[in-house]
Amino acid sequence: MSSPRPANRRAVLGLLASASLVTACGGEQAPPQGPGAVPVTVVTLAPQTVTLTRELPGRTHAFLVAEVRPQVDGIVKDRLFTEGGMVKAGQPLYQLDDATYRAEHASAKAALARAEATLNTARLNARRSAELVAINAVSKQEDENAVAALKQAEADVAAAQAALQRAGVVLGYARITSPITGRIGKSSVTQGALVTANQAEPLATVQQLDPVYVDLAQSSAEFLELRRSISAGRLEGAGDLPVKILLEDGTPHAADGKLAFSDVTVDPGTGSVALRVLVPNPQNMLLPGMYVRALVGSGVRDNAILVPQQGIARDPKGDTSAMVVGADGTAQVRPVKVSVAIGDKWLVEDGLAAGDQVIVEGLQKIQPGAPVAAVEAGAPAPAAQPEPAPQQ
């Protein structure tokens, strides 16, 4: 005996409708959700050791400069170098007409020979007089005269030797040599020109270009602030740090320099202190008089806090601030004091500490007090959750 199917179907549908009604009326309904936390990118600050540098303008100068001048008068007979080339210390540069000086040298040599001959005669006379005075063959007066003549002859020989040496020195000055090793410039005289001893205009200039000096100027106010920071213990001295040299086009020089000295006098006209850097220049890329910039280390700071520049905002008054993630997960505005830029970051003096999370991306989407979902910069983005299927 079979039950009627339409009646069973109506009973099942009635039960399902009753269950749905009970569930809708008797179950608790979840409260409506507010706006979700805004995802932002943050950087967690950590202390680090940084080297503070300052960029100073400067000019290059040759390590050694020698102006070649004649020390005797004469006519330039030959020029013995190539303009703009390298010369070595002692290399001949000019040859003057030395006929007169050769004659004087020969005369001094002959005078020395004559004085030596006179000395030989006086020495024989003194020896013979000493033998005769021993047997009372001559008077003591004659013996003393012979000894005095010997002394005078010896003095004449010494004077003649000095005169010959001087004549040799003067003759040597007729051949003008380079005092140092370096690159020589153009010649101010040509063959056949008359030059005079110690003339005002140099014949040529020799400069040693490896290494070179870079002279810098630092303001006295900055110098005093640096000294105060070192004395207070906020900085450690950085006198031995290398100095980076930037050329006129902004490219760095191949070799780093080293601070040679810091002047102890302030220029009253500019209010600056002179610094000198010694820079290797094997390729002669730095020429005297060239304008360069130098990155000079001013000190080393331990436990320094650096914040990315995109995380710092500046208002029209010049005050700086940063958005940080508070303990309650909301965005908070924090007044910040920064000093100098180190690369793409600011050095923090006050307002931020290690462990703070500074918001660097997503600032345009949030307001102070808004809940945020912090994602560390450089961390992989979280996988997207699949959306729930629509409820039937």
# chains A, B, ... in the order shown; residues from 1 in each chain; ligands from 1

call {"tool": "select_by_dssp", "arguments": {"residues": "region 34-144 of chain A", "states": "strand (DSSP E)", "output": "MDAnalysis selection string"}}
result
chainID A and resid 38:44 48:68 74:79 86:87 92:96

call {"tool": "residues_around", "arguments": {"residues": "region 61-76 of chain A", "least_positions_apart": "4", "cutoff": "10 Å", "atoms": "only C-alpha atoms", "output": "PyMOL selection string"}}
result
chain A and resi 93-101+170-184+187+189-215+276+278-279+286-290

call {"tool": "residues_around", "arguments": {"residues": "Gly355 (chain A)", "least_positions_apart": "2", "cutoff": "7 Å", "atoms": "only C-alpha atoms", "output": "PyMOL selection string"}}
result
chain A and resi 44-46+353+357

call {"tool": "select_by_dssp", "arguments": {"residues": "region 151-361 of chain A", "states": "alpha helix (DSSP H)", "output": "ChimeraX atom specification"}}
result
/A:151-173,220-232

call {"tool": "residues_around", "arguments": {"residues": "Ala110 (chain A)", "least_positions_apart": "5", "cutoff": "9 Å", "atoms": "only C-alpha atoms", "output": "PyMOL selection string"}}
result
chain A and resi 105+115+160+164

call {"tool": "write_last_selection", "arguments": {"atoms": "C-alpha atoms", "output": "PDB file, in the first residue's frame"}}
result
ATOM      1  CA  HIS A 105     137.024  78.612 -15.617  1.00  0.00           C
ATOM      2  CA  ALA A 115     149.569  78.825  -6.711  1.00  0.00           C
ATOM      3  CA  ALA A 160     142.751  79.503  -6.071  1.00  0.00           C
ATOM      4  CA  LEU A 164     138.162  77.483  -9.586  1.00  0.00           C
TER       5      LEU A 164
END

call {"tool": "closest_residue", "arguments": {"among": "A:Ser272, A:Ser220, A:Thr53, A:Thr41", "to": "Lys244 (chain A)", "atoms": "only C-alpha atoms"}}
result
A:Thr53
